[in-house]
Amino acid sequence: MIVAATETVSSAGKAAEWNWRSPMPITYSPLFSWPLKPLLILRWFAAHWFALSSKTVVLAFAIISWLYLQPAVERCVTFELDWIAQIYARNLGLMALVAGGLHLYFYSFRKQGAESQFDCRAMETDSPRFTFDNQVWDNMFWTCVSGVTVWTAYESLFMWAFANHIVATLDWRENGVWFVLFFVLHPVWNGAHFYVVHRALHWPPLYKAAHALHHRNSNIGPWTGLSMHPIEHIMYMSSVLLLLVVPAHPIFVLFMLQYLAVSAATSHTGFEKLRVAGTRVMSLGDYFHQLHHRHFECNYGTLEIQCDAWGGSFHDGTGEATKRLRESRHKGFTD
């Protein structure tokens, strides 16, 4: 049952209750449940790959980018400003389309009102915590200036490596099964990598140097997802380095990096679902990660793989989980 809170926010801008909650308790994907349930696993994959989702949207973006918007591999033998600028412009446009479009729809034009919005607090203005004293401008700045730049740097390095045969390019016609398996299994790798990197970013020295910038945002919006310090962008997007050791194709690079950027925007939307004319179009916001921004010391990974459950940091959205987290903090202060 989805629970809608009876109160929204106080005049001080502090959330008293969630405006909207996902069904509780939150559960992981069935991929690592035991005993294995093959039918449930098949249904999970079908729900993510045979319906409109962030995964299918990014796959479409990656295919379009490769066919029409990517510089030819032959141009990338040496680093030249023209082809690197082409990649940067496309990445910037994609980020503006996704994060900008979602922000306009949900926050500027309020097309969905507060329906399925987790936290009804407005984006902060006149706050010295943020660059330019404005949360949205701060988030846009760090996303576009640092995020898109690091994203483009990783992609450019891989294009140069493909052009110089440092990384061998697979032919999809000869490796069709691996092409399918790569896209299907990618979210598991992404979830495990994100958990490890995210836990590292909560190590006090790294948190102070980098991750604190992202956690300025206790309430989040589409531009928040990729609003990070350059150190964090380098760590977050290092997931793509997997392709240095597994068989690869340039479209894998496009998909992995675009998934990191686009899913960051969609998961931080602040709304569980996108609805048009009252009809559910697709799932968006991630209540699992929204809890991390609210409670800080939980839910470091994703729901594809049970890293938080194994590491003792899983918050399933219930009051009991919040109580356990507070008791753990209190014990830490008193020990």
# chains A, B, ... in the order shown; residues from 1 in each chain; ligands from 1
call {"tool": "residues_around", "arguments": {"residues": "segment 129-137 of chain A", "least_positions_apart": "2", "cutoff": "8 Å", "atoms": "only C-alpha atoms", "output": "NGL selection string"}}
result
:A and (123-127 or 139-141 or 216-217 or 223-224)
call {"tool": "select_by_dssp", "arguments": {"residues": "segment 158-318 of chain A", "states": "strand (DSSP E or B)", "output": "short mmCIF file (atom, residue, chain, number, x, y, z; two decimals) with N, CA, C and O atoms, in the first residue's frame"}}
result
data_model
loop_
_atom_site.label_atom_id
_atom_site.label_comp_id
_atom_site.auth_asym_id
_atom_site.auth_seq_id
_atom_site.Cartn_x
_atom_site.Cartn_y
_atom_site.Cartn_z
N THR A 169 37.65 -3.54 -30.69
CA THR A 169 36.23 -3.29 -30.94
C THR A 169 35.54 -4.57 -31.39
O THR A 169 35.90 -5.17 -32.40
N ALA A 248 34.53 -5.13 -25.56
CA ALA A 248 33.81 -3.86 -25.61
C ALA A 248 33.52 -3.41 -27.03
O ALA A 248 34.09 -3.91 -28.01
N PHE A 271 9.97 12.86 -7.71
CA PHE A 271 8.64 12.31 -7.97
C PHE A 271 8.80 10.84 -8.31
O PHE A 271 9.66 10.47 -9.11
N LYS A 273 6.72 8.87 -9.98
CA LYS A 273 6.25 8.51 -11.31
C LYS A 273 6.03 9.75 -12.16
O LYS A 273 5.69 10.81 -11.64
N LEU A 274 6.21 9.60 -13.45
CA LEU A 274 5.82 10.62 -14.42
C LEU A 274 4.41 10.29 -14.89
O LEU A 274 4.15 9.18 -15.38
N ARG A 275 3.51 11.24 -14.72
CA ARG A 275 2.13 11.06 -15.17
C ARG A 275 1.79 12.17 -16.15
O ARG A 275 2.14 13.32 -15.95
N VAL A 276 1.13 11.80 -17.23
CA VAL A 276 0.66 12.77 -18.22
C VAL A 276 -0.83 12.58 -18.36
O VAL A 276 -1.29 11.46 -18.64
N THR A 279 -2.24 9.71 -16.46
CA THR A 279 -1.83 8.35 -16.83
C THR A 279 -0.35 8.16 -16.51
O THR A 279 0.49 8.99 -16.88
N ARG A 280 -0.02 7.05 -15.83
CA ARG A 280 1.37 6.75 -15.51
C ARG A 280 2.13 6.44 -16.79
O ARG A 280 1.75 5.57 -17.55
N VAL A 281 3.21 7.18 -17.02
CA VAL A 281 4.04 6.97 -18.21
C VAL A 281 5.25 6.10 -17.87
O VAL A 281 5.56 5.15 -18.58
N MET A 282 5.95 6.43 -16.77
CA MET A 282 7.10 5.64 -16.36
C MET A 282 7.48 5.97 -14.93
O MET A 282 7.12 7.04 -14.41
N SER A 283 8.20 5.06 -14.30
CA SER A 283 8.73 5.31 -12.96
C SER A 283 9.94 6.22 -13.07
O SER A 283 10.71 6.13 -14.03
#
call {"tool": "closest_residue", "arguments": {"among": "A:Leu303, A:Val196, A:Ala321, A:Ala153", "to": "Ser267 of chain A", "atoms": "only C-alpha atoms"}}
result
A:Leu303
call {"tool": "atom_distance", "arguments": {"atom1": "atom CA of Gly221 of chain A", "atom2": "atom CA of Thr269 of chain A"}}
result
4.7 Å
call {"tool": "select_by_dssp", "arguments": {"residues": "segment 36-96 of chain A", "states": "alpha helix (DSSP H)", "output": "JSON, numbers by chain"}}
result
{"A": [38, 39, 40, 41, 42, 43, 44, 45, 46, 47, 48, 49, 54, 55, 56, 57, 58, 59, 60, 61, 62, 63, 64, 81, 82, 83, 84, 85, 86, 87, 88, 89, 90, 91, 92, 93, 94, 95]}
call {"tool": "write_last_selection", "arguments": {"atoms": "N, CA and C atoms", "output": "short mmCIF file (atom, residue, chain, number, x, y, z; two decimals), in the first residue's frame"}}
result
data_model
loop_
_atom_site.label_atom_id
_atom_site.label_comp_id
_atom_site.auth_asym_id
_atom_site.auth_seq_id
_atom_site.Cartn_x
_atom_site.Cartn_y
_atom_site.Cartn_z
N PRO A 38 13.18 -18.15 -10.62
CA PRO A 38 13.39 -17.79 -12.04
C PRO A 38 12.26 -16.99 -12.65
N LEU A 39 11.02 -17.32 -12.35
CA LEU A 39 9.90 -16.58 -12.95
C LEU A 39 9.88 -15.14 -12.45
N LEU A 40 10.15 -14.95 -11.17
CA LEU A 40 10.18 -13.60 -10.61
C LEU A 40 11.32 -12.79 -11.23
N ILE A 41 12.45 -13.44 -11.45
CA ILE A 41 13.60 -12.77 -12.08
C ILE A 41 13.26 -12.37 -13.52
N LEU A 42 12.62 -13.25 -14.24
CA LEU A 42 12.22 -12.95 -15.62
C LEU A 42 11.24 -11.79 -15.66
N ARG A 43 10.30 -11.77 -14.71
CA ARG A 43 9.34 -10.66 -14.65
C ARG A 43 10.04 -9.35 -14.35
N TRP A 44 11.06 -9.39 -13.48
CA TRP A 44 11.81 -8.19 -13.14
C TRP A 44 12.52 -7.64 -14.37
N PHE A 45 13.20 -8.52 -15.12
CA PHE A 45 13.88 -8.09 -16.34
C PHE A 45 12.88 -7.55 -17.36
N ALA A 46 11.73 -8.21 -17.48
CA ALA A 46 10.71 -7.77 -18.43
C ALA A 46 10.20 -6.38 -18.07
N ALA A 47 9.99 -6.14 -16.77
CA ALA A 47 9.48 -4.84 -16.33
C ALA A 47 10.48 -3.72 -16.61
N HIS A 48 11.78 -4.05 -16.63
CA HIS A 48 12.80 -3.03 -16.85
C HIS A 48 13.19 -2.87 -18.31
N TRP A 49 12.99 -3.91 -19.13
CA TRP A 49 13.48 -3.85 -20.50
C TRP A 49 12.39 -3.93 -21.56
N SER A 54 14.10 4.04 -17.41
CA SER A 54 15.35 4.78 -17.64
C SER A 54 16.33 3.94 -18.46
N LYS A 55 16.29 2.62 -18.29
CA LYS A 55 17.21 1.75 -19.05
C LYS A 55 16.88 1.76 -20.54
N THR A 56 15.61 1.62 -20.88
CA THR A 56 15.24 1.60 -22.29
C THR A 56 15.43 2.98 -22.93
N VAL A 57 15.18 4.03 -22.17
CA VAL A 57 15.39 5.39 -22.69
C VAL A 57 16.87 5.61 -22.99
N VAL A 58 17.74 5.21 -22.06
CA VAL A 58 19.17 5.41 -22.27
C VAL A 58 19.68 4.55 -23.42
N LEU A 59 19.18 3.33 -23.55
CA LEU A 59 19.60 2.50 -24.67
C LEU A 59 19.23 3.16 -26.00
N ALA A 60 18.04 3.76 -26.05
CA ALA A 60 17.64 4.47 -27.27
C ALA A 60 18.56 5.66 -27.53
N PHE A 61 18.88 6.43 -26.46
CA PHE A 61 19.80 7.55 -26.60
C PHE A 61 21.16 7.08 -27.13
N ALA A 62 21.66 5.97 -26.58
CA ALA A 62 22.98 5.47 -26.96
C ALA A 62 23.00 5.05 -28.43
N ILE A 63 21.95 4.38 -28.88
CA ILE A 63 21.88 3.95 -30.29
C ILE A 63 21.83 5.15 -31.22
N ILE A 64 20.98 6.13 -30.89
CA ILE A 64 20.87 7.35 -31.71
C ILE A 64 22.20 8.09 -31.73
N LEU A 81 40.37 19.22 -30.90
CA LEU A 81 39.30 19.95 -30.26
C LEU A 81 37.96 19.74 -30.95
N ASP A 82 37.95 19.56 -32.28
CA ASP A 82 36.67 19.51 -32.99
C ASP A 82 35.83 18.30 -32.59
N TRP A 83 36.43 17.10 -32.58
CA TRP A 83 35.61 15.93 -32.25
C TRP A 83 35.30 15.84 -30.76
N ILE A 84 36.21 16.34 -29.92
CA ILE A 84 35.94 16.36 -28.48
C ILE A 84 34.81 17.35 -28.18
N ALA A 85 34.84 18.51 -28.87
CA ALA A 85 33.77 19.50 -28.69
C ALA A 85 32.43 18.95 -29.16
N GLN A 86 32.45 18.14 -30.21
CA GLN A 86 31.21 17.52 -30.70
C GLN A 86 30.61 16.61 -29.62
N ILE A 87 31.46 15.82 -28.96
CA ILE A 87 30.98 14.94 -27.89
C ILE A 87 30.45 15.78 -26.73
N TYR A 88 31.20 16.82 -26.34
CA TYR A 88 30.78 17.66 -25.22
C TYR A 88 29.43 18.32 -25.51
N ALA A 89 29.27 18.86 -26.72
CA ALA A 89 28.01 19.53 -27.07
C ALA A 89 26.83 18.55 -27.01
N ARG A 90 27.04 17.33 -27.52
CA ARG A 90 25.96 16.35 -27.48
C ARG A 90 25.61 15.96 -26.04
N ASN A 91 26.65 15.75 -25.21
CA ASN A 91 26.40 15.38 -23.81
C ASN A 91 25.70 16.50 -23.05
N LEU A 92 26.12 17.73 -23.31
CA LEU A 92 25.48 18.87 -22.67
C LEU A 92 24.02 18.98 -23.10
N GLY A 93 23.77 18.75 -24.38
CA GLY A 93 22.40 18.79 -24.88
C GLY A 93 21.54 17.70 -24.27
N LEU A 94 22.10 16.51 -24.11
CA LEU A 94 21.34 15.41 -23.51
C LEU A 94 21.02 15.72 -22.05
N MET A 95 21.98 16.28 -21.33
CA MET A 95 21.74 16.63 -19.93
C MET A 95 20.68 17.71 -19.82
#
call {"tool": "residues_around", "arguments": {"residues": "Val98 of chain A", "least_positions_apart": "6", "cutoff": "8 Å", "atoms": "only C-alpha atoms", "output": "list in words"}}
result
Val262, Ala265 and Thr266 of chain A
call {"tool": "atom_distance", "arguments": {"atom1": "atom CA of Val180 of chain A", "atom2": "atom CA of Phe158 of chain A"}}
result
20.9 Å
call {"tool": "residues_around", "arguments": {"residues": "Leu226 of chain A", "least_positions_apart": "5", "cutoff": "8 Å", "atoms": "only C-alpha atoms", "output": "compact mmCIF listing (two decimals) with all heavy atoms, in the first residue's frame"}}
result
# COMPACT_ATOMS: atom_id res chain seq x y z
N ASN A 139 23.16 23.49 -8.66
CA ASN A 139 23.10 22.15 -9.24
C ASN A 139 23.39 22.17 -10.74
O ASN A 139 24.11 21.29 -11.26
CB ASN A 139 21.73 21.53 -8.98
CG ASN A 139 21.48 21.17 -7.53
OD1 ASN A 139 20.41 20.69 -7.19
ND2 ASN A 139 22.44 21.40 -6.65
N TRP A 142 27.36 22.78 -11.31
CA TRP A 142 28.23 21.64 -11.08
C TRP A 142 27.94 20.50 -12.05
O TRP A 142 28.85 19.77 -12.45
CB TRP A 142 28.12 21.19 -9.63
CG TRP A 142 28.71 22.18 -8.68
CD1 TRP A 142 28.05 23.07 -7.87
CD2 TRP A 142 30.11 22.43 -8.49
NE1 TRP A 142 28.94 23.86 -7.18
CE2 TRP A 142 30.21 23.49 -7.54
CE3 TRP A 142 31.27 21.87 -9.00
CZ2 TRP A 142 31.44 23.98 -7.11
CZ3 TRP A 142 32.50 22.36 -8.58
CH2 TRP A 142 32.57 23.40 -7.64
N THR A 143 26.69 20.37 -12.47
CA THR A 143 26.35 19.34 -13.45
C THR A 143 26.99 19.64 -14.80
O THR A 143 27.64 18.78 -15.41
CB THR A 143 24.83 19.25 -13.62
OG1 THR A 143 24.24 18.76 -12.41
CG2 THR A 143 24.44 18.31 -14.76
N GLY A 147 30.37 17.95 -14.28
CA GLY A 147 29.84 16.65 -14.64
C GLY A 147 29.97 16.32 -16.12
O GLY A 147 30.49 15.27 -16.50
N HIS A 233 32.82 13.18 -9.43
CA HIS A 233 32.50 12.83 -10.82
C HIS A 233 33.49 11.80 -11.36
O HIS A 233 33.11 10.84 -12.03
CB HIS A 233 32.52 14.07 -11.71
CG HIS A 233 31.29 14.91 -11.60
ND1 HIS A 233 31.33 16.26 -11.36
CD2 HIS A 233 29.96 14.58 -11.69
CE1 HIS A 233 30.10 16.75 -11.32
NE2 HIS A 233 29.26 15.75 -11.51
N ALA A 261 24.63 9.40 -16.19
CA ALA A 261 24.14 10.78 -16.21
C ALA A 261 22.62 10.85 -16.15
O ALA A 261 22.04 11.56 -15.32
CB ALA A 261 24.66 11.50 -17.45
N ALA A 264 21.00 9.43 -12.94
CA ALA A 264 21.20 10.36 -11.82
C ALA A 264 20.10 11.42 -11.82
O ALA A 264 19.54 11.77 -10.77
CB ALA A 264 22.57 11.02 -11.91
N ALA A 265 19.76 11.93 -13.00
CA ALA A 265 18.70 12.95 -13.10
C ALA A 265 17.33 12.36 -12.78
O ALA A 265 16.55 12.93 -12.01
CB ALA A 265 18.70 13.58 -14.49
call {"tool": "atom_distance", "arguments": {"atom1": "atom CA of Asp286 of chain A", "atom2": "atom CA of Lys208 of chain A"}}
result
25.1 Å
call {"tool": "closest_residue", "arguments": {"among": "A:Phe183, A:Val245, A:Ser263, A:Gln112", "to": "Gly278 of chain A", "atoms": "only C-alpha atoms"}}
result
A:Gln112
call {"tool": "residues_around", "arguments": {"residues": "Ser313 of chain A", "least_positions_apart": "4", "cutoff": "8 Å", "atoms": "only C-alpha atoms", "output": "ChimeraX atom specification"}}
result
/A:297-300,308-309
call {"tool": "closest_atom_pairs", "arguments": {"of": "segment 281-301 of chain A", "to": "segment 17-28 of chain A", "cutoff": "12 Å", "atoms": "only C-alpha atoms", "output": "Markdown table"}}
result
| residue | atom | partner | partner_atom | distance |
| --- | --- | --- | --- | --- |
| A:Ser283 | CA | A:Ser22 | CA | 11.0 |
| A:Leu284 | CA | A:Ser22 | CA | 11.6 |
| A:Gly285 | CA | A:Ser22 | CA | 9.8 |
| A:Asp286 | CA | A:Ser22 | CA | 8.8 |
| A:Tyr287 | CA | A:Ser22 | CA | 6.4 |
| A:Phe288 | CA | A:Ile26 | CA | 7.3 |
| A:His289 | CA | A:Ile26 | CA | 11.1 |
| A:Gln290 | CA | A:Arg21 | CA | 10.0 |
| A:Leu291 | CA | A:Arg21 | CA | 10.2 |
| A:Arg294 | CA | A:Trp18 | CA | 10.3 |
| A:Asn299 | CA | A:Ile26 | CA | 11.0 |
| A:Gly301 | CA | A:Tyr28 | CA | 11.0 |
call {"tool": "write_last_selection", "arguments": {"atoms": "C-alpha atoms", "output": "CSV table (one decimal), in the first residue's frame"}}
result
chain,number,residue,atom,x,y,z
A,283,SER,CA,8.7,5.3,-13.0
A,284,LEU,CA,11.2,8.0,-12.1
A,285,GLY,CA,12.2,9.0,-8.6
A,286,ASP,CA,14.0,6.6,-6.3
A,287,TYR,CA,12.6,6.6,-2.8
A,288,PHE,CA,15.4,4.2,-1.8
A,289,HIS,CA,17.9,7.0,-2.6
A,290,GLN,CA,15.6,9.7,-1.4
A,291,LEU,CA,16.0,8.1,2.1
A,294,ARG,CA,17.1,12.4,4.3
A,299,ASN,CA,21.1,3.1,1.2
A,301,GLY,CA,23.9,1.5,-3.4
call {"tool": "closest_residue", "arguments": {"among": "A:Glu80, A:Leu170, A:Leu241, A:Asn219", "to": "Cys120 of chain A", "atoms": "only C-alpha atoms"}}
result
A:Asn219
call {"tool": "closest_residue", "arguments": {"among": "A:Ala192, A:Val184, A:Ala51, A:Leu104", "to": "Cys307 of chain A", "atoms": "only C-alpha atoms"}}
result
A:Ala192
